[in-house]
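Below is coords-v2.txt, holding compact mmCIF, C-alpha atoms and all ligand atoms.
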```txt
# COMPACT_ATOMS: atom_id res chain seq x y z
CA MET A 1 29.60 160.27 -0.79
CA HIS A 2 28.60 161.67 -4.17
CA TYR A 3 30.92 164.41 -5.47
CA ILE A 4 29.51 167.65 -6.86
CA TYR A 5 32.77 169.66 -6.76
CA CYS A 6 36.25 168.38 -7.59
CA PRO A 7 38.03 167.50 -4.30
CA LYS A 8 41.37 168.44 -5.96
CA CYS A 9 40.72 171.78 -7.70
CA GLY A 10 37.25 172.80 -6.50
CA GLU A 11 35.75 173.01 -10.00
CA LYS A 12 32.09 172.09 -10.40
CA LEU A 13 31.93 168.58 -11.88
CA THR A 14 30.07 167.57 -15.01
CA GLU A 15 28.71 164.10 -15.72
CA ARG A 16 30.29 161.85 -18.27
CA PRO A 17 29.60 158.27 -19.36
CA ALA A 18 32.04 155.80 -17.82
CA GLY A 19 31.51 152.46 -19.54
CA ASP A 20 29.26 150.08 -17.63
CA ASP A 21 29.05 152.47 -14.67
CA GLY A 22 26.82 154.93 -16.54
CA MET A 23 27.13 158.65 -15.90
CA VAL A 24 29.87 159.55 -13.42
CA PRO A 25 30.94 162.98 -12.09
CA TYR A 26 33.91 164.26 -14.09
CA CYS A 27 36.34 167.16 -13.65
CA GLU A 28 37.11 168.90 -16.95
CA SER A 29 40.22 170.61 -15.49
CA CYS A 30 41.80 167.55 -13.88
CA GLN A 31 40.42 165.30 -16.61
CA ARG A 32 39.36 162.57 -14.25
CA TYR A 33 36.28 160.84 -12.92
CA TRP A 34 35.21 161.11 -9.30
CA PHE A 35 33.38 157.91 -8.43
CA ASP A 36 31.19 157.87 -5.31
CA CYS A 37 33.36 157.06 -2.32
CA PHE A 38 32.87 155.72 1.18
CA ASP A 39 34.91 154.68 4.22
CA SER A 40 36.32 151.19 4.56
CA CYS A 41 36.40 150.01 8.15
CA ILE A 42 37.20 146.91 10.15
CA ILE A 43 35.51 145.38 13.17
CA ALA A 44 37.03 142.42 14.98
CA LEU A 45 35.76 139.92 17.50
CA VAL A 46 38.93 139.02 19.42
CA TYR A 47 38.83 135.84 21.51
CA ASN A 48 41.33 134.12 23.79
CA GLU A 49 42.06 130.58 25.01
CA TYR A 50 39.66 130.97 27.98
CA ASP A 51 36.38 131.41 26.03
CA GLU A 52 36.56 135.16 26.54
CA ILE A 53 36.08 137.93 24.00
CA LEU A 54 37.36 141.48 24.03
CA LEU A 55 34.73 144.17 24.58
CA GLU A 56 35.36 147.89 24.74
CA ARG A 57 33.41 151.01 25.46
CA GLN A 58 33.84 154.23 23.53
CA SER A 59 31.69 157.04 24.89
CA TYR A 60 31.30 158.71 21.49
CA LEU A 61 29.61 155.54 20.21
CA SER A 62 27.56 154.74 23.31
CA SER A 63 27.78 155.29 27.05
CA GLN A 64 25.72 152.16 27.62
CA TYR A 65 26.86 149.46 25.24
CA MET A 66 30.19 147.85 24.56
CA THR A 67 31.40 146.73 21.18
CA PHE A 68 34.35 145.09 19.42
CA VAL A 69 37.58 146.70 18.27
CA SER A 70 36.93 148.74 15.15
CA GLY A 71 38.58 151.39 13.03
CA TYR A 72 39.17 153.00 9.65
CA ILE A 73 41.39 151.37 7.07
CA THR A 74 44.04 153.92 6.10
CA PRO A 75 45.55 154.31 2.61
CA GLY A 76 48.39 151.87 2.04
CA GLU A 77 47.29 149.11 4.38
CA SER A 78 45.22 145.98 3.86
CA ALA A 79 42.11 145.21 5.91
CA GLU A 80 44.17 142.52 7.71
CA GLU A 81 47.02 144.91 8.56
CA CYS A 82 44.49 147.45 9.79
CA THR A 83 42.88 144.85 12.04
CA TYR A 84 46.18 143.82 13.69
CA ARG A 85 47.07 147.50 14.12
CA GLU A 86 43.71 148.56 15.60
CA ILE A 87 43.64 145.67 18.08
CA LYS A 88 47.17 146.59 19.22
CA GLU A 89 46.54 150.35 19.33
CA GLU A 90 43.23 150.22 21.15
CA THR A 91 43.96 147.47 23.67
CA GLY A 92 47.68 146.64 23.56
CA ILE A 93 46.77 143.06 22.62
CA GLU A 94 48.78 141.29 19.89
CA ALA A 95 46.50 139.12 17.79
CA GLU A 96 48.13 135.92 16.55
CA LYS A 97 45.83 135.15 13.67
CA LEU A 98 42.68 136.43 12.10
CA GLU A 99 40.12 135.45 9.56
CA LEU A 100 37.90 137.59 7.37
CA ILE A 101 34.31 136.49 8.03
CA CYS A 102 32.22 138.94 6.02
CA THR A 103 31.98 142.33 4.42
CA GLU A 104 28.78 144.27 5.03
CA TRP A 105 27.44 147.67 4.07
CA PHE A 106 26.65 149.83 7.11
CA ALA A 107 24.04 152.14 5.59
CA ARG A 108 23.61 154.60 8.44
CA ARG A 109 27.27 155.62 8.31
CA GLU A 110 27.96 154.76 4.66
CA GLN A 111 30.81 152.43 5.58
CA LEU A 112 31.93 149.13 4.15
CA MET A 113 32.62 146.98 7.21
CA HIS A 114 35.17 144.15 7.05
CA GLY A 115 34.29 141.72 9.83
CA PHE A 116 37.10 139.61 11.33
CA ILE A 117 37.39 136.98 14.03
CA ALA A 118 40.85 137.17 15.63
CA PHE A 119 42.63 135.01 18.17
CA ALA A 120 44.94 136.43 20.82
CA ARG A 121 46.40 134.87 23.95
CA LYS A 122 45.03 136.36 27.15
CA ALA A 123 47.14 139.31 28.27
CA ASP A 124 46.59 142.49 30.24
CA ILE A 125 44.76 145.19 28.37
CA THR A 126 46.24 148.67 27.95
CA CYS A 127 43.54 151.01 26.66
CA SER A 128 44.39 153.79 24.25
CA LYS A 129 43.03 157.28 25.00
CA GLU A 130 40.11 156.80 22.62
CA ILE A 131 38.84 153.82 24.61
CA ASP A 132 37.07 154.37 27.92
CA GLU A 133 37.14 150.77 29.03
CA ALA A 134 38.08 147.38 27.59
CA ARG A 135 37.67 143.95 29.16
CA TRP A 136 37.88 140.24 28.50
CA ILE A 137 34.38 138.82 29.09
CA ASN A 138 33.17 135.24 28.79
CA TYR A 139 31.48 135.05 25.41
CA ARG A 140 28.31 133.50 26.87
CA GLU A 141 27.88 136.49 29.21
CA ALA A 142 28.92 139.11 26.69
CA GLN A 143 25.48 139.85 25.27
CA GLN A 144 24.32 141.77 28.31
CA TYR A 145 27.12 144.32 27.75
CA MET A 146 27.03 144.53 23.96
CA PHE A 147 24.89 146.41 21.49
CA PRO A 148 21.78 144.22 21.08
CA ILE A 149 22.42 141.50 18.53
CA THR A 150 18.81 141.80 17.38
CA ASN A 151 20.04 144.86 15.46
CA LYS A 152 21.39 143.91 12.08
CA SER A 153 25.07 144.79 12.29
CA THR A 154 28.46 143.29 11.60
CA LEU A 155 28.88 143.02 15.38
CA SER A 156 25.85 140.69 15.42
CA THR A 157 27.06 138.69 12.43
CA LEU A 158 30.45 138.09 14.05
CA TYR A 159 29.06 137.26 17.47
CA GLN A 160 26.46 134.81 16.13
CA ARG A 161 29.03 133.16 13.90
CA PHE A 162 31.48 132.82 16.80
CA CYS A 163 28.84 131.32 19.15
CA LYS A 164 27.79 128.82 16.48
CA GLU A 165 31.40 127.77 15.85
CA LYS A 166 31.94 127.39 19.60
CA GLU A 167 28.86 125.14 19.90
CA GLU A 168 30.10 123.05 17.01
CA GLY A 169 33.56 122.78 18.57
CA LEU A 170 35.20 124.57 15.67
CA ARG A 171 36.96 127.14 17.89
ZN ZN A 201 39.57 169.07 -10.66
```

Write out the structure in this file as structure tokens.
Ligand SMILES: [Zn+2]
Amino acid sequence: MHYIYCPKCGEKLTERPAGDDGMVPYCESCQRYWFDCFDSCIIALVYNEYDEILLERQSYLSSQYMTFVSGYITPGESAEECTYREIKEETGIEAEKLELICTEWFARREQLMHGFIAFARKADITCSKEIDEARWINYREAQQYMFPITNKSTLSTLYQRFCKEKEEGLR
């Protein structure tokens, strides 16, 4: 998001040079720059010891396709803390370890996605209210339920990476 008015005091912003960043919106009253901002989010492929991955359906995203656990990073937490928290909140599952695989810009929603692969032991799923359905599904059969991986997305990146590592015996 590009600021035109100061989010603190409402004053119309001017532009001022900010070193290597060129001209940046500036509030004369608050005497501070307002750099363009965007949401930081996580998405996590969670797998268990039985070759299954965690898929969930959220009707506001799609009534048809399932996806991985995802959520907004909140101020004060790291991407890793957010990922453990979102997995627990949305599905009741406690991840044991996770690994940051990639960060990707999601242009349509102006979000910086942090893509993780997380391991959790198989346990019963308890969906939060924002989730319509969540299930453990064998990773080889998961594609028929997921958003198409032909779309460029962090979901696709994580899924393809996981399948490749499985084939190579790395997971
Ligand atoms: Zn201001």

- Message: Show me, as a ChimeraX atom specification, the residues that have an atom within 12 Å of Ser59 in chain A when counting all atoms listed in the file, minus same-chain residues fewer than 6 positions from it.
- Response: /A:65-67,129-134

For C-alpha atoms, I'd like the residues from the last selection saved as a PDB file, in the coordinates of the input.
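Result file follows (out_39.pdb):
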```
ATOM      1  CA  TYR A  65      26.860 149.460  25.240  1.00  0.00           C
ATOM      2  CA  MET A  66      30.190 147.850  24.560  1.00  0.00           C
ATOM      3  CA  THR A  67      31.400 146.730  21.180  1.00  0.00           C
ATOM      4  CA  LYS A 129      43.030 157.280  25.000  1.00  0.00           C
ATOM      5  CA  GLU A 130      40.110 156.800  22.620  1.00  0.00           C
ATOM      6  CA  ILE A 131      38.840 153.820  24.610  1.00  0.00           C
ATOM      7  CA  ASP A 132      37.070 154.370  27.920  1.00  0.00           C
ATOM      8  CA  GLU A 133      37.140 150.770  29.030  1.00  0.00           C
ATOM      9  CA  ALA A 134      38.080 147.380  27.590  1.00  0.00           C
TER      10      ALA A 134
END
```

- Kindly provide, as an MDAnalysis selection string, all nucleotide and amino acid residues lying within 12 Å of ligand ZN 201 (chain A), counting only C-alpha atoms and all ligand atoms. chainID A and resid 3:14 25:34

- Item | Of the listed residues A:Asn48, A:Lys152, A:Ser62, A:Met113, that which approaches Lys97 in chain A most closely, counting only C-alpha atoms |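 Using only C-alpha atoms, Lys97 in chain A sits closest to A:Asn48.
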
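Shell of Leu158 in chain A at 8 Å, with all atoms listed in the file counted and residues fewer than 6 places along the chain excluded, is A:Ala44, A:Leu45, A:Ile101, A:Gly115, A:Phe116, A:Ile117.
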
Write a file of the just-selected residues containing C-alpha atoms, as a short mmCIF file (atom, residue, chain, number, x, y, z; two decimals), in the frame of the given file.
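Dumped everything to out_15.cif:
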```cif
data_model
loop_
_atom_site.label_atom_id
_atom_site.label_comp_id
_atom_site.auth_asym_id
_atom_site.auth_seq_id
_atom_site.Cartn_x
_atom_site.Cartn_y
_atom_site.Cartn_z
CA ALA A 44 37.03 142.42 14.98
CA LEU A 45 35.76 139.92 17.50
CA ILE A 101 34.31 136.49 8.03
CA GLY A 115 34.29 141.72 9.83
CA PHE A 116 37.10 139.61 11.33
CA ILE A 117 37.39 136.98 14.03
#
```

- Task: Anything within 8 Å of (39.2, 143.2, 24.9): list those residues as a PyMOL selection string, counting only C-alpha atoms and sticking to the file's coordinates.
- Result: chain A and resi 46+53-56+68-69+91+93+125+134-137

- Could you state the separation of CA of Lys164 in chain A and CA of Ser63 in chain A in Å, given to one decimal place? 28.5 Å

- How many Å lie between CA of Arg161 in chain A and CA of Ser128 in chain A, rounded to one decimal? 27.7 Å

- Task: Would you work out the distance separating CA of Glu86 in chain A from CA of Ser70 in chain A, expressed in Å to one decimal?
- Result: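 Atom-to-atom, CA of Glu86 in chain A and CA of Ser70 in chain A are spaced 6.8 Å apart.
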
- Of the listed residues A:Glu94, A:Asp124, A:Glu81, A:Glu99, that which approaches Phe162 in chain A most closely, counting only C-alpha atoms: A:Glu99

- Message: Using all atoms listed in the file - which residues lie no farther than 10 Å from the point (31.4, 142.4, 6.3) in the file's frame? Write them as a list in words.
- Response: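 Using all atoms listed in the file, the matching residues come out as Cys41, Ile42, Ile43, Leu100, Ile101, Cys102, Thr103, Glu104, Trp105, Phe106, Leu112, Met113, His114, Gly115, Phe116, Ser153, Thr154, Leu155, Thr157 and Leu158 of chain A.
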
Would you write out those residues with C-alpha atoms, as a PDB file, in the frame of the given file?
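Below is the file that was written, result.pdb:
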```pdb
ATOM      1  CA  CYS A  41      36.400 150.010   8.150  1.00  0.00           C
ATOM      2  CA  ILE A  42      37.200 146.910  10.150  1.00  0.00           C
ATOM      3  CA  ILE A  43      35.510 145.380  13.170  1.00  0.00           C
ATOM      4  CA  LEU A 100      37.900 137.590   7.370  1.00  0.00           C
ATOM      5  CA  ILE A 101      34.310 136.490   8.030  1.00  0.00           C
ATOM      6  CA  CYS A 102      32.220 138.940   6.020  1.00  0.00           C
ATOM      7  CA  THR A 103      31.980 142.330   4.420  1.00  0.00           C
ATOM      8  CA  GLU A 104      28.780 144.270   5.030  1.00  0.00           C
ATOM      9  CA  TRP A 105      27.440 147.670   4.070  1.00  0.00           C
ATOM     10  CA  PHE A 106      26.650 149.830   7.110  1.00  0.00           C
ATOM     11  CA  LEU A 112      31.930 149.130   4.150  1.00  0.00           C
ATOM     12  CA  MET A 113      32.620 146.980   7.210  1.00  0.00           C
ATOM     13  CA  HIS A 114      35.170 144.150   7.050  1.00  0.00           C
ATOM     14  CA  GLY A 115      34.290 141.720   9.830  1.00  0.00           C
ATOM     15  CA  PHE A 116      37.100 139.610  11.330  1.00  0.00           C
ATOM     16  CA  SER A 153      25.070 144.790  12.290  1.00  0.00           C
ATOM     17  CA  THR A 154      28.460 143.290  11.600  1.00  0.00           C
ATOM     18  CA  LEU A 155      28.880 143.020  15.380  1.00  0.00           C
ATOM     19  CA  THR A 157      27.060 138.690  12.430  1.00  0.00           C
ATOM     20  CA  LEU A 158      30.450 138.090  14.050  1.00  0.00           C
TER      21      LEU A 158
END
```
